[in-house]
Structure formats: structure tokens, C-alpha cells
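Student: Quick one: the structure is below, and I'll ask about it shortly.
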Amino acid sequence: MNHLELDDLQTSLNNALNSLRVAMDGSGLPPLSSQYGTDTHPLDSMDQPTPVGVYEARRAALELKNLLQHPFEKAAESAFSMYDYPSVQVFIEHGIVDRMAKEPSGISVKTLQSELDLDSHKLTTVLRHLSVYGWVRETQDGIFALNRSSRILLQGQRGRAVVMAPNYMRIAEALPRWLVHPEFRFSKSPDHTAFQLANNTTKSFFEWVKDDRDYLDRFAAGVEAIGEYVTPGILSDYPWQTCSESTIVDCAGGKGSLSIALANKFPGLRLVVQEREEMVGPAEANIKARLDPNLVHGTVVAEANDLFSAQPRTGDKYTFMLRHVLHDWPEAQAVNILEKLAAAAGPKSKILIIERISGHYPDTHVELEHSPANTMDSTAPASLITEQTILNSSFRMPQALALHLLCILNCHERTLDQWRTIISRAGLVITGVYKLRTYVSIMECRAIHTNES
């Protein structure tokens with residue numbers, strides 16, 4: 001009997017795991033284990049790009065689950081998935097994960113009840129739900145231990161910041177109403193989203209959050225954490241040495257995390273973080289705290305500038321960078337933002353757009369621009385990674401993030417052709433597309449000047 005799909009998956013999974021094993025052995029990495037250890041496994045590091053073999057193995061494992069899972073189980077999983085997020089919140093907010101980290105071999109729910117004032121019977125059900133998703137394991141009846149992945153939820157870790165960003169549930173629950181709302185259903189306005197329905201407000205998301213400092217801080221921490229997750233691929237898979245003769249302007253650069261990471265890895269770069277006035281102070285504090293103290297003073301600076309204002313830095317001596325910025329805006333506003341940069345750019349200036357490119361686009365778009373000779377880290381040429389591999393291998397994060405941004409900002413994923421349309425309308429042209437070892441790509445652009453058109 002011909003089991004073509006099953007055989008293909010088995011071959012893909014075996015090849016991916018064998019490739020990963022060889023790479024780990026070659027790098028002297030310790031064996032993988034799902035159990036919680038005293039040290040972070042190097043593959044869990046947020047400082048290195050994810051190896052290609054990991055993406056391939058995830059893709060095959062996910063497709064295998066889709067092939068074998070009973071359709072009714074899939075339906076039931078979706079029906080009760082609303083408890084996934086609150087369970088992780090309970091795990092963090094009530095101090096359970098931090099307390100369990102002190103007992104790597106496991107701790108009883110009775111002890112947790114005594115110390116944290118939580119009902120052990122209810123807690124058992126919550127922890128067993130978390131065990132299905134690999135956060136914990138039950139070593140004996142009523143005794144639970146952390147798994148390796150739980151480390152990302154501990155105090156100070158980036159995964160904790162993502163989970164603690166507020167208001168997810170209320171916005172998600174407004175999605176069905178939003179799609180059939182008589183006024184909002186076909187609107188492209190950021191003032192007509194599930195967010196407005198969930199919070200009973202007419203304000204846009206960014207206007208609303210300015211009035212709630214705690215919400216803004218938690219949301220900003222979550223955004224920063226997601227940005228830092230993709231940073232290793234950005235650092236490793238683009239030829240940043242080609243920007244050494246210019247100053248990189250990090251437009252809407254938040255607290256400057258990407259600029260700091262670039263400066264720390266490539267000391268020859270000079271960077272300016274531009275943000276709204278109220279964000280300059282936090283950015284300066286972050287630069288002071290995280291920038292390598294051995295770097296020349298002024299390597300990274302912060303200044304106030306609004307995306308929709310004229311760009312004050314002009315000419316060939318500047319490279320302009322936008323990471324996770326344009327996906328926050330509908331097409332008209334995205335074009336407006338890019339027009340400001342096109343007007344400021346010199347003939348030799350680069351405009352780097354770091355975003356997810358959805359859909360499928362052939363490798364010929366990147367083969368010439370991104371060869372192993374051009375990458376700062378040639379351990380795995382990024383051109384080996386196809387969009388479909390990333391799409392099917394990163395669990396639900398890229399798709400879930402796209403849906404969340406749709407619900408709060410009315411912004412949409414864009415294909416390469418859609419990006420090209422926006423870029424062209426702004427007076428720019430794409431000169432290179434760099435696929436990275438993460439779910440975003442870098443579109444390298446330059447301005448089309450009057451004598452070229």
C-alpha cells in the first residue's frame with residue numbers, strides 16, 4: 001500500500017532531526033531534553049538565530065499532528081483553547097512558575113496550596129492542562145515539575161513579557177462581532193476595529209493606550225520581546241558592514257533594542273533611535289543600561305521624531321530602518337511614512353523595511369542579493385529557508401500576531417507584490433530581499449529620484 005504523505009513526512013522529519021543532530025554535535029551543544037535544567041539550553045537562547053534543522057523538524061512534526069489528529073479532537077481543542085492563555089496567566093501571576101523553579105525535581109500541589117494560598121484541587125486541574133502544552137510534567141500524582149520551556153516564563157524573561165501584555169481575551173472575544181458590525185465590517189480605518197468594540201471607545205489603539213500608563217508599559221514590553229525574538233536572524237543574515245559608511249536611523253525604534261544589539265555586535269555602526277517625545281526618555285535609559293560601555297560615546301543616541309513628520313536627517317550619509325512599523329498601518333498611512341523617508345534619502349541611501357512577507361515568493365528574489373558570501377554568519381545561508389517552511393514551523397505565532405494586529409489596528413499581512421505596490425507608490429524601489437532565519441525578511445530599498453523617473 002502506498003502511504004505517500006506519511007512516508008514523505010517520515011523522511012522529512014528524519015532528515016531534519018539528523019541534520020540538527022550533526023549541527024549540534026559539530027557545535028558541541030548538549031543533548032536536548034524537555035526537562036527543566038539549571039542552565040538554559042543554547043537552542044533556547046534569544047541571542048542566536050534558530051537553526052534551519054529546527055524549522056524543518058517543527059514543520060514536519062506539525063504536519064504529522066495534522067495528519068494523525070482526529071478531526072473531532074481538533075474541533076474540541078479549538079473550542080476549549082480559550083483556557084490556554086488564562087492558565088498561563090495563573091501560572092505566572094500567582095507565583096507558581098517562580099516557586100516551582102526552586103524545586104527542579106517537582107513540588108506537590110499541597111505545598112503550593114500552603115505557600116501560595118491556592119486551592120490544590122483547582123490547581124491540579126490547571127497544571128494538568130498546562131502539562132498538555134509542555135509547560136510542566138506530573139512526575140507523581142499531585143507532584144509537578146517544570147519543563148525546559150517554562151524557563152521563558154520566569155521573572156525577567158521575554159516570554160513572560162509577551163504573556164503579561166494585557167487585554168488579549170477581551171479583544172479576541174470581540175472578533176466575531178467586528179466582522180459583521182454594520183459600520184466596521186468593510187472599514188479599513190484603525191478607528192473601526194475589534195479593539196474599539198472590546199473597550200467601548202472611539203479612540204484608536206495608540207490614542208487609547210496613552211491614557212493608561214500601566215497598559216502602555218506592559219504592551220511595550222510585549223512588543224519589545226517579540227522584536228528581540230527576531231533580532232538574531234536580523235543581525236546574522238543581512239550584510240550590515242555595507243552600512244558602516246552611513247548612520248542608521250531606526251525610525252519608530254521603540255526603546256532602541258535593535259539599535260543597541262546592532263551596535264554591540266558591529267562596533268563600527270552608528271545609530272539614531274527616533275521615537276515619539278514621550279518614548280525618548282525610556283530609550284535613553286535603555287541605551288545607557290544595555291549598550292556596551294566600551295563603545296565610543298554617541299554610538300547610539302535617541303531623538304524625538306514622529307513618523308508622519310518630515311525626516312530631519314537627510315542625504316546619502318543616512319540609512320533608514322523600519323522594523324515592525326509598517327504592519328501597524330493601513331496602506332495610505334504606510335505610503336505616507338515611506339514618502340517622508342524617500343524625500344529625505346540621498347541617491348546612495350538605503351531604506352531597510354523589516355517585516356513579514358506573507359504568501360509565496362520564489363527563491364530567485366533573494367539568490368543574487370543574499371549568498372553565503374554576503375552574510376555575517378555563514379553557518380546557514382538564509383536562502384535555504386523558504387517562506388512555507390517558516391509559515392508551517394513557528395507554531396501559531398506569526399499567524400496569531402497577524403490576527404491580533406488586525407484586531408487592534410486593522411492592518412493586514414502583505415505579500416511581496418503588495419509590499420512592492422506600497423513601496424513604489426512612495427517613490428521607492430526594492431533593490432534586494434533578504435530571507436532571514438526567522439519569520440521576517442528585510443526589503444532593501446532606495447529612492448527613485450526625479451532624473452530616474
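Each chain in the C-alpha cells gets a letter, A, B and so on, in the order shown; residues start at 1 in every chain, and ligands are counted from 1 in the order they appear.
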Can you tell me, as number ranges by chain, what residues are no more than 7 Å from Thr431 (chain A) when counting only C-alpha atoms, ignoring any on the same chain fewer than 4 positions away?

Tutor: A: 444-446

Student: Applying 12 Å and only C-alpha atoms, which residues near Asp8 (chain A) remain after dropping the ones on its own chain fewer than 5 positions away? List them as a list of chain:residue names.

Tutor: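 Once the adjacent positions are removed, what remains is A:Asn2, A:His3, A:Leu13, A:Asn14, A:Asn15, A:Ala60, A:Ala61, A:Glu63, A:Leu64, A:Leu67.
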
Student: DSSP on the backbone: which residues in region 123-314 of chain A end up as helix (DSSP H, G or I)? Give the answer as an MDAnalysis selection string.

Tutor: chainID A and resid 123:132 148:153 158:164 168:173 175:179 194:199 205:209 213:236 240:243 257:265 277:290

Student: Please indicate the distance in Å from CA of Asn167 (chain A) to CA of Arg356 (chain A), rounded to one decimal place.

Tutor: 24.0 Å

Student: Applying 9 Å and only C-alpha atoms, which residues near region 417-427 of chain A remain after dropping the ones on its own chain fewer than 6 positions away? List them as a ChimeraX atom specification.

Tutor: /A:331-332,334-343,357,445-449

Student: Would you please work out which residue, of A:Lys350, A:Arg313, A:Arg213, A:His327, is nearest to Leu401 (chain A) when using only C-alpha atoms?

Tutor: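 Looking at the shortest contact to Leu401 (chain A), the residue is A:His327.
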
Student: For Leu29 (chain A), please output as number ranges by chain all residues within 9 Å (counting only C-alpha atoms; exclusion window: fewer than 6 positions along the same chain).

Tutor: A: 23, 41-43

Student: Could you give me, as a Markdown table, every region 42-112 of chain A residue with an atom at most 12 Å from region 248-265 of chain A, plus its closest atom pair and distance in Å to one decimal, counting only C-alpha atoms, rows ordered by chain then number?

Tutor:
| residue | atom | partner | partner_atom | distance |
| --- | --- | --- | --- | --- |
| A:Met46 | CA | A:Ala261 | CA | 11.7 |
| A:Asp47 | CA | A:Ala261 | CA | 9.5 |
| A:Gln48 | CA | A:Ala261 | CA | 11.8 |

Student: Output N, CA and C atoms for every residue in the selection just made, as a CSV table (one decimal), in the first residue's frame.

Tutor:
chain,number,residue,atom,x,y,z
A,46,MET,N,17.9,33.5,23.1
A,46,MET,CA,17.4,34.6,22.3
A,46,MET,C,18.5,35.4,21.6
A,47,ASP,N,19.7,34.9,21.7
A,47,ASP,CA,20.9,35.6,21.1
A,47,ASP,C,21.4,35.0,19.8
A,48,GLN,N,20.9,33.9,19.4
A,48,GLN,CA,21.4,33.2,18.2
A,48,GLN,C,20.2,32.9,17.3

Student: Mind checking which residues fall within 8 Å of Val300 (chain A), counting only C-alpha atoms, ignoring those fewer than 2 positions away in the same chain, and posting them as a list in words?

Tutor: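 What passes the distance filter is Ser259, Ile260, Ala263, Arg270, Leu271, Val272, Val273, Ile287, His297, Gly298 and Ala302 of chain A.
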
Student: Considering only C-alpha atoms, can you say which of A:Tyr133, A:Trp240, A:Tyr229, A:Tyr55 comes closest to Tyr83 (chain A)?

Tutor: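 Result for the nearest residue to Tyr83 (chain A): A:Tyr133.
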
Student: Taking into account only C-alpha atoms, which residue in the set A:Ser45, A:Gly142, A:Thr40, A:Arg58 is nearest to Arg396 (chain A)?

Tutor: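 Closest to Arg396 (chain A) of all the choices is A:Arg58.
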
Student: Looking at A:Gln155, A:Glu303, A:Ile354, A:Leu405, which one is nearest to Met279 (chain A), with distances taken over only C-alpha atoms?

Tutor: A:Glu303

Student: Just the strand (DSSP E or B) stuff from region 230-305 of chain A, please, per backbone DSSP, written as a list in words.

Tutor: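 So the strand (DSSP E or B) residues in region 230-305 of chain A would be Thr247, Ile248, Val249, Asp250, Cys251, Arg270, Leu271, Val272, Val273, Gln274, Glu275, Val300, Val301, Ala302, Glu303 and Ala304 of chain A.
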
Student: Looking at A:Gly26, A:Pro166, A:Gly159, A:Gly53, which one is nearest to Pro86 (chain A), with distances taken over only C-alpha atoms?

Tutor: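 Selected residue with least distance to Pro86 (chain A): A:Pro166.
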
Student: Taking into account only C-alpha atoms, which residue in the set A:Asn18, A:Thr247, A:Thr193, A:Thr299 is nearest to Pro176 (chain A)?

Tutor: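 Closest residue, counting only C-alpha atoms: A:Thr193.
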
Student: One decimal, Å: what's the distance from CA of Ala194 (chain A) over to CA of Trp208 (chain A), could you say?

Tutor: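 If I compute the distance from CA of Ala194 (chain A) to CA of Trp208 (chain A), I get 13.5 Å.
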
Student: Region 21-74 of chain A near region 95-104 of chain A within 9 Å: what's each residue's closest atom pair and its distance in Å to one decimal, counting only C-alpha atoms, ordered by chain then ascending residue number, as JSON lines?

Tutor:
{"residue": "A:Gln35", "atom": "CA", "partner": "A:Pro104", "partner_atom": "CA", "distance": 8.8}
{"residue": "A:Tyr36", "atom": "CA", "partner": "A:Pro104", "partner_atom": "CA", "distance": 6.5}
{"residue": "A:Gly37", "atom": "CA", "partner": "A:Pro104", "partner_atom": "CA", "distance": 7.2}
{"residue": "A:Thr38", "atom": "CA", "partner": "A:Pro104", "partner_atom": "CA", "distance": 8.0}
